[in-house]
file coords10.pdb (PDB, C-alpha atoms)
ATOM      1  CA  MET A   8      77.880 123.112 114.686
ATOM      2  CA  PHE A   9      79.704 124.261 117.786
ATOM      3  CA  ARG A  10      78.957 122.984 121.258
ATOM      4  CA  LEU A  11      76.545 124.896 123.481
ATOM      5  CA  GLU A  12      77.658 125.345 127.072
ATOM      6  CA  TYR A  13      75.832 126.381 130.205
ATOM      7  CA  VAL A  14      76.645 129.793 131.617
ATOM      8  CA  ILE A  15      77.711 130.546 135.173
ATOM      9  CA  MET A  16      75.783 133.688 136.079
ATOM     10  CA  CYS A  17      77.767 136.696 137.268
ATOM     11  CA  PRO A  18      77.081 140.429 137.661
ATOM     12  CA  ALA A  19      77.561 142.670 134.656
ATOM     13  CA  ASP A  20      80.569 144.970 134.625
ATOM     14  CA  SER A  21      79.508 148.601 134.279
ATOM     15  CA  PRO A  22      81.433 150.711 131.737
ATOM     16  CA  PRO A  23      81.886 154.446 132.232
ATOM     17  CA  ALA A  24      78.822 156.548 131.467
ATOM     18  CA  ASP A  25      80.536 159.233 129.366
ATOM     19  CA  HIS A  26      80.007 158.983 125.607
ATOM     20  CA  ARG A  27      79.243 160.960 122.460
ATOM     21  CA  ASP A  28      75.521 161.692 122.518
ATOM     22  CA  PRO A  29      73.398 159.597 120.129
ATOM     23  CA  PRO A  30      70.791 161.168 117.824
ATOM     24  CA  ASP A  31      67.865 162.980 119.426
ATOM     25  CA  VAL A  32      64.689 160.867 119.723
ATOM     26  CA  SER A  33      63.041 162.911 122.453
ATOM     27  CA  THR A  34      60.062 163.868 120.271
ATOM     28  CA  SER A  35      59.543 160.421 118.739
ATOM     29  CA  PRO A  36      56.461 158.289 119.493
ATOM     30  CA  PRO A  37      56.703 156.004 122.548
ATOM     31  CA  PRO A  38      58.897 152.969 121.810
ATOM     32  CA  ILE A  39      56.123 150.392 122.164
ATOM     33  CA  VAL A  40      55.922 147.112 120.231
ATOM     34  CA  ARG A  41      52.402 147.022 118.784
ATOM     35  CA  GLY A  42      50.275 144.911 116.494
ATOM     36  CA  GLU A  43      50.025 141.239 115.736
ATOM     37  CA  PRO A  44      52.644 139.026 114.100
ATOM     38  CA  VAL A  45      52.567 138.891 110.298
ATOM     39  CA  GLU A  46      53.492 135.593 108.620
ATOM     40  CA  VAL A  47      56.273 136.313 106.094
ATOM     41  CA  SER A  48      57.012 132.640 105.335
ATOM     42  CA  GLU A  49      55.508 129.380 106.530
ATOM     43  CA  GLY A  50      55.873 129.338 110.307
ATOM     44  CA  VAL A  51      57.957 132.554 110.332
ATOM     45  CA  TYR A  52      56.328 135.685 111.743
ATOM     46  CA  VAL A  53      57.406 139.299 112.182
ATOM     47  CA  ILE A  54      55.902 141.914 114.474
ATOM     48  CA  PRO A  55      56.673 144.995 112.342
ATOM     49  CA  ASP A  56      58.359 148.010 113.887
ATOM     50  CA  GLY A  57      56.011 150.473 112.178
ATOM     51  CA  ARG A  58      59.078 152.667 111.530
ATOM     52  CA  VAL A  59      58.961 153.878 115.139
ATOM     53  CA  GLU A  60      62.269 154.896 116.735
ATOM     54  CA  LEU A  61      63.668 152.388 119.259
ATOM     55  CA  VAL A  62      61.245 149.677 118.116
ATOM     56  CA  PRO A  63      62.797 146.718 116.261
ATOM     57  CA  ASN A  64      61.277 144.122 114.014
ATOM     58  CA  ILE A  65      60.528 141.096 116.212
ATOM     59  CA  GLY A  66      60.771 137.547 114.861
ATOM     60  CA  ILE A  67      58.796 134.496 115.998
ATOM     61  CA  VAL A  68      59.589 131.169 114.322
ATOM     62  CA  VAL A  69      57.286 128.231 115.071
ATOM     63  CA  GLY A  70      58.242 124.603 114.477
ATOM     64  CA  GLU A  71      56.526 121.331 115.302
ATOM     65  CA  HIS A  72      57.764 121.132 118.897
ATOM     66  CA  SER A  73      59.596 124.400 119.618
ATOM     67  CA  ALA A  74      59.559 128.091 118.763
ATOM     68  CA  LEU A  75      62.232 130.782 118.605
ATOM     69  CA  VAL A  76      61.764 134.461 119.426
ATOM     70  CA  ILE A  77      64.240 136.914 117.868
ATOM     71  CA  ASP A  78      64.638 140.208 119.780
ATOM     72  CA  THR A  79      62.430 141.543 122.564
ATOM     73  CA  GLY A  80      61.803 145.262 122.274
ATOM     74  CA  LEU A  81      62.832 147.926 124.778
ATOM     75  CA  GLY A  82      62.280 146.932 128.395
ATOM     76  CA  PRO A  83      60.165 144.421 130.307
ATOM     77  CA  ARG A  84      56.740 145.655 129.188
ATOM     78  CA  ASN A  85      57.631 145.170 125.520
ATOM     79  CA  GLY A  86      59.257 141.847 126.361
ATOM     80  CA  ALA A  87      56.071 140.674 128.073
ATOM     81  CA  TYR A  88      54.012 141.650 125.016
ATOM     82  CA  VAL A  89      56.337 139.743 122.698
ATOM     83  CA  LEU A  90      56.202 136.715 125.002
ATOM     84  CA  GLU A  91      52.395 136.888 124.947
ATOM     85  CA  GLN A  92      52.368 136.916 121.143
ATOM     86  CA  ALA A  93      54.859 134.051 120.999
ATOM     87  CA  ARG A  94      52.759 131.966 123.389
ATOM     88  CA  ARG A  95      49.661 132.675 121.308
ATOM     89  CA  LEU A  96      51.391 131.292 118.218
ATOM     90  CA  ALA A  97      53.430 128.525 119.847
ATOM     91  CA  GLY A  98      50.975 127.209 122.422
ATOM     92  CA  GLU A  99      52.796 124.868 124.788
ATOM     93  CA  ARG A 100      55.816 124.381 122.525
ATOM     94  CA  ARG A 101      59.226 124.888 124.086
ATOM     95  CA  LEU A 102      60.404 128.480 123.673
ATOM     96  CA  TYR A 103      63.851 129.801 122.840
ATOM     97  CA  LEU A 104      64.918 133.446 122.800
ATOM     98  CA  THR A 105      67.877 134.982 121.039
ATOM     99  CA  VAL A 106      68.766 138.556 120.073
ATOM    100  CA  THR A 107      70.550 139.978 117.049
ATOM    101  CA  HIS A 108      72.806 142.115 119.288
ATOM    102  CA  PHE A 109      72.886 143.460 122.821
ATOM    103  CA  HIS A 110      71.489 146.987 122.241
ATOM    104  CA  PRO A 111      68.574 147.859 124.564
ATOM    105  CA  GLU A 112      65.748 148.031 122.004
ATOM    106  CA  HIS A 113      66.705 144.570 120.777
ATOM    107  CA  GLY A 114      67.452 142.730 124.006
ATOM    108  CA  PHE A 115      66.533 144.610 127.167
ATOM    109  CA  GLY A 116      63.116 142.958 127.390
ATOM    110  CA  ALA A 117      64.721 139.571 127.995
ATOM    111  CA  GLN A 118      63.787 139.495 131.680
ATOM    112  CA  ALA A 119      60.174 138.755 130.677
ATOM    113  CA  PHE A 120      61.429 135.467 129.178
ATOM    114  CA  LYS A 121      63.435 134.319 132.172
ATOM    115  CA  GLY A 122      62.021 130.950 133.194
ATOM    116  CA  ALA A 123      59.647 130.927 130.218
ATOM    117  CA  ALA A 124      62.235 130.392 127.471
ATOM    118  CA  THR A 125      65.781 129.156 127.022
ATOM    119  CA  ILE A 126      67.869 132.251 126.256
ATOM    120  CA  VAL A 127      70.685 131.651 123.765
ATOM    121  CA  TYR A 128      73.481 134.127 122.871
ATOM    122  CA  ASN A 129      76.910 133.772 121.365
ATOM    123  CA  THR A 130      79.759 134.289 123.813
ATOM    124  CA  GLY A 131      80.566 137.710 122.374
ATOM    125  CA  GLN A 132      76.999 138.910 122.951
ATOM    126  CA  ARG A 133      77.096 137.756 126.543
ATOM    127  CA  ASP A 134      80.460 139.410 127.148
ATOM    128  CA  GLU A 135      79.457 142.670 125.448
ATOM    129  CA  LEU A 136      76.277 142.803 127.502
ATOM    130  CA  ARG A 137      78.326 142.419 130.676
ATOM    131  CA  ARG A 138      80.841 145.078 129.609
ATOM    132  CA  LYS A 139      78.463 147.703 128.259
ATOM    133  CA  GLY A 140      74.937 146.843 129.357
ATOM    134  CA  ALA A 141      74.759 149.106 132.401
ATOM    135  CA  GLY A 142      76.157 152.067 130.480
ATOM    136  CA  TYR A 143      73.735 151.567 127.592
ATOM    137  CA  LEU A 144      70.857 151.221 130.032
ATOM    138  CA  ASP A 145      71.688 154.636 131.502
ATOM    139  CA  MET A 146      72.244 156.159 128.062
ATOM    140  CA  PHE A 147      68.932 154.906 126.645
ATOM    141  CA  LYS A 148      67.016 156.036 129.739
ATOM    142  CA  GLY A 149      68.236 159.527 128.936
ATOM    143  CA  LEU A 150      67.072 159.475 125.324
ATOM    144  CA  SER A 151      63.482 160.442 126.124
ATOM    145  CA  PRO A 152      60.939 160.340 128.958
ATOM    146  CA  ALA A 153      59.141 157.517 127.122
ATOM    147  CA  ALA A 154      62.331 155.447 126.899
ATOM    148  CA  GLU A 155      63.007 156.010 130.584
ATOM    149  CA  ILE A 156      59.545 154.699 131.438
ATOM    150  CA  GLU A 157      60.108 151.493 129.462
ATOM    151  CA  LEU A 158      63.537 150.921 131.004
ATOM    152  CA  HIS A 159      62.738 151.990 134.566
ATOM    153  CA  TYR A 160      62.450 148.398 135.798
ATOM    154  CA  ALA A 161      64.757 146.827 133.222
ATOM    155  CA  GLU A 162      67.294 144.269 134.405
ATOM    156  CA  LEU A 163      70.262 142.854 132.529
ATOM    157  CA  VAL A 164      69.735 139.145 131.904
ATOM    158  CA  ASP A 165      72.463 136.624 131.157
ATOM    159  CA  PRO A 166      71.731 133.815 128.699
ATOM    160  CA  ASP A 167      71.028 130.245 129.743
ATOM    161  CA  LEU A 168      73.155 128.851 126.900
ATOM    162  CA  VAL A 169      76.046 130.279 124.920
ATOM    163  CA  TYR A 170      77.739 129.112 121.744
ATOM    164  CA  GLU A 171      80.932 129.817 119.802
ATOM    165  CA  GLY A 172      80.853 130.524 116.083
ATOM    166  CA  THR A 173      77.657 128.843 114.916
ATOM    167  CA  ALA A 174      74.814 126.842 116.413
ATOM    168  CA  GLU A 175      71.579 125.275 115.205
ATOM    169  CA  ILE A 176      68.255 125.027 116.969
ATOM    170  CA  ASP A 177      65.959 122.260 115.757
ATOM    171  CA  LEU A 178      62.429 123.560 116.140
ATOM    172  CA  GLY A 179      60.847 120.488 114.573
ATOM    173  CA  GLY A 180      60.592 120.558 110.788
ATOM    174  CA  ARG A 181      62.235 123.959 110.856
ATOM    175  CA  THR A 182      65.857 124.848 111.646
ATOM    176  CA  ALA A 183      67.268 128.113 112.942
ATOM    177  CA  ALA A 184      70.968 128.585 112.171
ATOM    178  CA  LEU A 185      72.614 131.110 114.512
ATOM    179  CA  ARG A 186      75.900 132.654 113.443
ATOM    180  CA  ALA A 187      78.190 135.122 115.190
ATOM    181  CA  VAL A 188      79.449 137.648 112.622
ATOM    182  CA  GLY A 189      80.831 140.555 114.662
ATOM    183  CA  PRO A 190      82.576 142.840 115.004
ATOM    184  CA  ALA A 191      80.512 144.953 112.624
ATOM    185  CA  HIS A 192      77.607 147.094 113.878
ATOM    186  CA  THR A 193      78.613 145.921 117.362
ATOM    187  CA  ALA A 194      81.425 143.738 118.652
ATOM    188  CA  SER A 195      79.147 140.681 118.641
ATOM    189  CA  ASP A 196      76.447 140.840 115.957
ATOM    190  CA  GLN A 197      74.464 137.698 115.234
ATOM    191  CA  VAL A 198      72.431 136.662 112.197
ATOM    192  CA  ILE A 199      69.726 133.999 112.204
ATOM    193  CA  LEU A 200      68.886 132.058 109.042
ATOM    194  CA  ILE A 201      65.678 130.026 108.983
ATOM    195  CA  ASP A 202      65.696 127.022 106.631
ATOM    196  CA  ASP A 203      68.120 128.829 104.283
ATOM    197  CA  ARG A 204      65.229 131.100 103.280
ATOM    198  CA  VAL A 205      64.563 133.843 105.853
ATOM    199  CA  LEU A 206      67.417 135.972 107.198
ATOM    200  CA  PHE A 207      67.201 138.077 110.364
ATOM    201  CA  GLY A 208      70.099 140.536 110.450
ATOM    202  CA  GLY A 209      69.352 143.051 113.182
ATOM    203  CA  ASP A 210      70.998 146.426 112.654
ATOM    204  CA  LEU A 211      73.472 145.178 110.092
ATOM    205  CA  PHE A 212      70.915 146.606 107.665
ATOM    206  CA  GLU A 213      67.731 148.683 107.750
ATOM    207  CA  THR A 214      65.182 149.595 105.086
ATOM    208  CA  ARG A 215      65.471 153.214 103.871
ATOM    209  CA  ILE A 216      67.328 154.193 107.032
ATOM    210  CA  PHE A 217      70.940 155.309 107.174
ATOM    211  CA  PRO A 218      72.954 152.561 108.902
ATOM    212  CA  ILE A 219      73.099 152.977 112.662
ATOM    213  CA  VAL A 220      76.786 153.440 113.479
ATOM    214  CA  PRO A 221      77.217 153.460 117.279
ATOM    215  CA  TYR A 222      80.519 155.326 117.368
ATOM    216  CA  PHE A 223      80.437 156.975 120.809
ATOM    217  CA  PRO A 224      84.009 157.612 121.964
ATOM    218  CA  PRO A 225      85.252 156.942 124.548
ATOM    219  CA  PHE A 226      82.267 154.852 125.690
ATOM    220  CA  ASP A 227      81.953 152.606 122.653
ATOM    221  CA  VAL A 228      84.238 152.433 119.619
ATOM    222  CA  ASP A 229      83.793 148.758 118.744
ATOM    223  CA  VAL A 230      81.956 149.359 115.467
ATOM    224  CA  ASP A 231      84.077 147.946 112.626
ATOM    225  CA  GLY A 232      83.119 149.486 109.301
ATOM    226  CA  VAL A 233      85.421 147.442 107.081
ATOM    227  CA  ARG A 234      84.415 144.165 108.700
ATOM    228  CA  TRP A 235      80.766 145.265 108.429
ATOM    229  CA  MET A 236      81.132 145.555 104.662
ATOM    230  CA  SER A 237      82.672 142.080 104.501
ATOM    231  CA  VAL A 238      79.805 140.647 106.550
ATOM    232  CA  LEU A 239      77.280 142.184 104.168
ATOM    233  CA  ASP A 240      79.107 140.632 101.206
ATOM    234  CA  GLU A 241      78.796 137.243 102.918
ATOM    235  CA  LEU A 242      75.102 137.780 103.597
ATOM    236  CA  VAL A 243      74.399 138.789 100.002
ATOM    237  CA  ALA A 244      75.960 135.488  98.924
ATOM    238  CA  LEU A 245      73.399 133.589 101.030
ATOM    239  CA  ASP A 246      70.717 134.858  98.613
ATOM    240  CA  ALA A 247      67.935 134.575 101.193
ATOM    241  CA  GLU A 248      64.439 134.908  99.780
ATOM    242  CA  ILE A 249      63.234 137.087 102.658
ATOM    243  CA  VAL A 250      65.394 139.558 104.578
ATOM    244  CA  VAL A 251      64.203 140.958 107.915
ATOM    245  CA  PRO A 252      66.066 144.140 108.876
ATOM    246  CA  GLY A 253      66.495 145.447 112.390
ATOM    247  CA  HIS A 254      64.252 148.392 111.492
ATOM    248  CA  GLY A 255      62.061 149.082 108.487
ATOM    249  CA  GLU A 256      60.093 146.927 106.092
ATOM    250  CA  VAL A 257      60.845 143.285 105.287
ATOM    251  CA  ALA A 258      62.625 143.053 101.940
ATOM    252  CA  GLY A 259      64.911 140.893  99.801
ATOM    253  CA  THR A 260      68.657 140.602  99.274
ATOM    254  CA  SER A 261      68.750 143.885  97.348
ATOM    255  CA  LEU A 262      68.354 145.621 100.708
ATOM    256  CA  ILE A 263      71.701 144.222 101.873
ATOM    257  CA  ARG A 264      73.349 145.388  98.664
ATOM    258  CA  ASP A 265      71.979 148.905  99.181
ATOM    259  CA  VAL A 266      73.497 149.145 102.661
ATOM    260  CA  ARG A 267      76.790 147.663 101.431
ATOM    261  CA  ASP A 268      76.946 150.266  98.657
ATOM    262  CA  TYR A 269      76.377 153.083 101.145
ATOM    263  CA  LEU A 270      79.080 151.919 103.565
ATOM    264  CA  GLY A 271      81.482 151.396 100.663
ATOM    265  CA  HIS A 272      80.843 154.932  99.448
ATOM    266  CA  VAL A 273      81.421 156.416 102.905
ATOM    267  CA  HIS A 274      84.609 154.393 103.297
ATOM    268  CA  GLU A 275      86.022 155.563  99.978
ATOM    269  CA  GLU A 276      85.041 159.214 100.446
ATOM    270  CA  VAL A 277      86.436 159.385 103.952
ATOM    271  CA  ALA A 278      89.737 157.921 102.756
ATOM    272  CA  ARG A 279      89.886 160.458  99.915
ATOM    273  CA  LEU A 280      89.072 163.467 102.093
ATOM    274  CA  ARG A 281      91.373 162.382 104.899
ATOM    275  CA  ALA A 282      94.266 161.948 102.454
ATOM    276  CA  ALA A 283      93.564 165.461 101.139
ATOM    277  CA  GLY A 284      94.009 166.862 104.655
ATOM    278  CA  ALA A 285      90.383 167.337 105.694
ATOM    279  CA  SER A 286      89.663 167.228 109.429
ATOM    280  CA  ALA A 287      87.178 164.815 110.957
ATOM    281  CA  ASP A 288      84.623 167.633 111.269
ATOM    282  CA  GLU A 289      85.136 168.717 107.672
ATOM    283  CA  THR A 290      84.879 165.131 106.456
ATOM    284  CA  ALA A 291      81.685 164.468 108.399
ATOM    285  CA  ALA A 292      80.112 167.683 107.053
ATOM    286  CA  ALA A 293      81.031 166.855 103.462
ATOM    287  CA  LEU A 294      79.693 163.312 103.738
ATOM    288  CA  ASP A 295      76.486 164.576 105.319
ATOM    289  CA  THR A 296      75.754 166.847 102.370
ATOM    290  CA  ASP A 297      76.741 164.202  99.821
ATOM    291  CA  ALA A 298      74.824 161.276 101.348
ATOM    292  CA  ARG A 299      71.626 163.244 101.928
ATOM    293  CA  ALA A 300      71.583 164.008  98.200
ATOM    294  CA  ARG A 301      72.517 160.497  97.029
ATOM    295  CA  TRP A 302      70.118 158.664  99.353
ATOM    296  CA  ALA A 303      67.386 161.286  99.497
ATOM    297  CA  THR A 304      64.610 158.832 100.411
ATOM    298  CA  TRP A 305      66.432 157.416 103.456
ATOM    299  CA  GLU A 306      65.535 158.473 106.979
ATOM    300  CA  ARG A 307      67.627 159.345 110.063
ATOM    301  CA  PRO A 308      70.470 161.188 108.326
ATOM    302  CA  GLU A 309      71.911 162.050 111.725
ATOM    303  CA  TRP A 310      73.807 158.745 111.480
ATOM    304  CA  ILE A 311      75.820 159.904 108.448
ATOM    305  CA  GLY A 312      78.260 161.985 110.449
ATOM    306  CA  LEU A 313      78.881 159.213 112.971
ATOM    307  CA  ALA A 314      79.634 156.787 110.132
ATOM    308  CA  ALA A 315      82.091 159.266 108.646
ATOM    309  CA  ARG A 316      83.821 159.779 111.985
ATOM    310  CA  ALA A 317      84.042 156.041 112.628
ATOM    311  CA  PHE A 318      85.831 155.459 109.333
ATOM    312  CA  TYR A 319      87.953 158.595 109.756
ATOM    313  CA  HIS A 320      89.275 157.525 113.128
ATOM    314  CA  GLY A 321      90.093 154.057 111.905
ATOM    315  CA  ALA A 322      87.214 151.901 113.136
ATOM    316  CA  GLY A 323      87.994 148.697 111.310
ATOM    317  CA  ARG A 324      90.523 150.347 108.996
TER     318      ARG A 324
END
call {"tool": "encode", "arguments": {"input": "coords10.pdb", "output": "structure tokens"}}
result
Amino acid sequence: MFRLEYVIMCPADSPPADHRDPPDVSTSPPPIVRGEPVEVSEGVYVIPDGRVELVPNIGIVVGEHSALVIDTGLGPRNGAYVLEQARRLAGERRLYLTVTHFHPEHGFGAQAFKGAATIVYNTGQRDELRRKGAGYLDMFKGLSPAAEIELHYAELVDPDLVYEGTAEIDLGGRTAALRAVGPAHTASDQVILIDDRVLFGGDLFETRIFPIVPYFPPFDVDVDGVRWMSVLDELVALDAEIVVPGHGEVAGTSLIRDVRDYLGHVHEEVARLRAAGASADETAAALDTDARARWATWERPEWIGLAARAFYHGAGR
């Protein structure tokens, strides 16, 4: 276990606001975390996303003397709701908060926890938040009027503690193992394994949703497709009994294999088409047609083209 260190607070650096536009969610339902936590294993709860855009699965893990919240939802109102649910389950236990990665729907409700919980990130998460947080805040405000409402009063919040590599939080009779695994989906992804049984993986995998590949040049090109596949191989080897994706229904390890197979297929097809002289546009179009047919039950196919472009332009190659 690596040493935790206290953070000296400093203002976030704002990256440029120009970027490739993300998929359109302007007609989606409001990105509100709803419902009560569902116990998926003893002391481990999930507030399901309900398959609503920009709503993540939220984790709450309750031990004998402490509890850990995993992800916050989009903006301070969602964060306050998650904190309320955590307090209802945890009572007066000490609270910790961590996030699977810095993206706004996963971590931009953290301000509701300031002073109420100890916020723990890996150093890469903290640094990525400082580099990109302001730009992502502006980008997500522009996704829809509903997203702008949730983020109107959002503030970027630094962690109270940071760690390098791995860390453990003893919750009392229950242990949360935090592990930095990026770059993959982002530069600083984190997975959380509870008692070697329940795995929270954020957007490294989703259930029946095409992997979210945030390839937005020149704003953000840190996604690493090849490393992502390697991370998924490592997570499959953990053989967790319960796998909580960033979005979509709770599942088992087969979910991770499904996402690994998809990324492997895109990687191989992009390499083949690129070697044959296809342009990035032609490659993305071909992969879009192919993947929609192969994974016909998956949602949000708008991410196929971005995955193809990321591999084409050498993200992680």
call {"tool": "atom_distance", "arguments": {"input": "coords10.pdb", "atom1": "atom CA of A:Ala244", "atom2": "atom CA of A:Glu49"}}
result
22.7 Å
call {"tool": "residues_around", "arguments": {"input": "coords10.pdb", "residues": "A:Leu104", "least_positions_apart": "5", "cutoff": "7 Å", "atoms": "only C-alpha atoms", "output": "list of chain:residue names"}}
result
A:Leu75, A:Val76, A:Ile77, A:Ala124, A:Thr125, A:Ile126, A:Val127
call {"tool": "closest_residue", "arguments": {"input": "coords10.pdb", "among": "A:Ser35, A:Gln132, A:Leu280, A:Arg307", "to": "A:Leu294", "atoms": "all atoms listed in the file"}}
result
A:Leu280
call {"tool": "residues_around", "arguments": {"input": "coords10.pdb", "residues": "A:Gly82", "least_positions_apart": "2", "cutoff": "6 Å", "atoms": "only C-alpha atoms", "output": "list of chain:residue names"}}
result
A:Arg84, A:Asn85, A:Phe115, A:Gly116, A:Glu157, A:Leu158, A:Ala161
call {"tool": "closest_residue", "arguments": {"input": "coords10.pdb", "among": "A:Val32, A:Leu206, A:Val89, A:Ala184", "to": "A:Ala119", "atoms": "only C-alpha atoms"}}
result
A:Val89
call {"tool": "resolve_selection", "arguments": {"input": "coords10.pdb", "expression": "the PyMOL selection byres ((chain A and resi 91) around 12)", "output": "JSON, numbers by chain"}}
result
{"A": [40, 41, 42, 43, 44, 67, 76, 79, 84, 85, 86, 87, 88, 89, 90, 92, 93, 94, 95, 96, 97, 98, 102, 119, 120, 123]}
call {"tool": "decode", "arguments": {"input": "coords10.pdb", "residues": "stretch 237-248 of chain A", "atoms": "N, CA, C and O atoms", "output": "tab-separated table (two decimals), in the first residue's frame"}}
result
chain	number	residue	atom	x	y	z
A	237	SER	N	-5.48	-3.74	-22.10
A	237	SER	CA	-4.63	-4.41	-21.11
A	237	SER	C	-5.24	-4.33	-19.71
A	237	SER	O	-5.21	-5.30	-18.94
A	238	VAL	N	-5.79	-3.16	-19.38
A	238	VAL	CA	-6.44	-2.99	-18.08
A	238	VAL	C	-7.61	-3.96	-17.95
A	238	VAL	O	-7.79	-4.60	-16.90
A	239	LEU	N	-8.41	-4.09	-19.00
A	239	LEU	CA	-9.55	-5.00	-18.94
A	239	LEU	C	-9.09	-6.44	-18.76
A	239	LEU	O	-9.73	-7.22	-18.04
A	240	ASP	N	-7.99	-6.82	-19.40
A	240	ASP	CA	-7.44	-8.17	-19.19
A	240	ASP	C	-7.09	-8.37	-17.71
A	240	ASP	O	-7.37	-9.43	-17.13
A	241	GLU	N	-6.50	-7.36	-17.10
A	241	GLU	CA	-6.13	-7.45	-15.68
A	241	GLU	C	-7.38	-7.55	-14.80
A	241	GLU	O	-7.39	-8.30	-13.81
A	242	LEU	N	-8.42	-6.83	-15.16
A	242	LEU	CA	-9.64	-6.85	-14.35
A	242	LEU	C	-10.39	-8.17	-14.51
A	242	LEU	O	-10.99	-8.67	-13.55
A	243	VAL	N	-10.36	-8.75	-15.68
A	243	VAL	CA	-10.96	-10.08	-15.87
A	243	VAL	C	-10.28	-11.09	-14.95
A	243	VAL	O	-10.94	-11.94	-14.32
A	244	ALA	N	-8.96	-10.97	-14.83
A	244	ALA	CA	-8.20	-11.92	-14.00
A	244	ALA	C	-8.56	-11.81	-12.52
A	244	ALA	O	-8.36	-12.77	-11.77
A	245	LEU	N	-9.11	-10.67	-12.09
A	245	LEU	CA	-9.53	-10.55	-10.69
A	245	LEU	C	-10.71	-11.46	-10.37
A	245	LEU	O	-10.91	-11.83	-9.21
A	246	ASP	N	-11.52	-11.77	-11.39
A	246	ASP	CA	-12.66	-12.67	-11.25
A	246	ASP	C	-13.61	-12.23	-10.13
A	246	ASP	O	-14.03	-13.04	-9.30
A	247	ALA	N	-13.93	-10.94	-10.12
A	247	ALA	CA	-14.86	-10.42	-9.11
A	247	ALA	C	-16.24	-11.05	-9.29
A	247	ALA	O	-16.68	-11.30	-10.42
A	248	GLU	N	-16.91	-11.28	-8.19
A	248	GLU	CA	-18.24	-11.88	-8.25
A	248	GLU	C	-19.27	-10.89	-8.79
A	248	GLU	O	-20.22	-11.28	-9.49
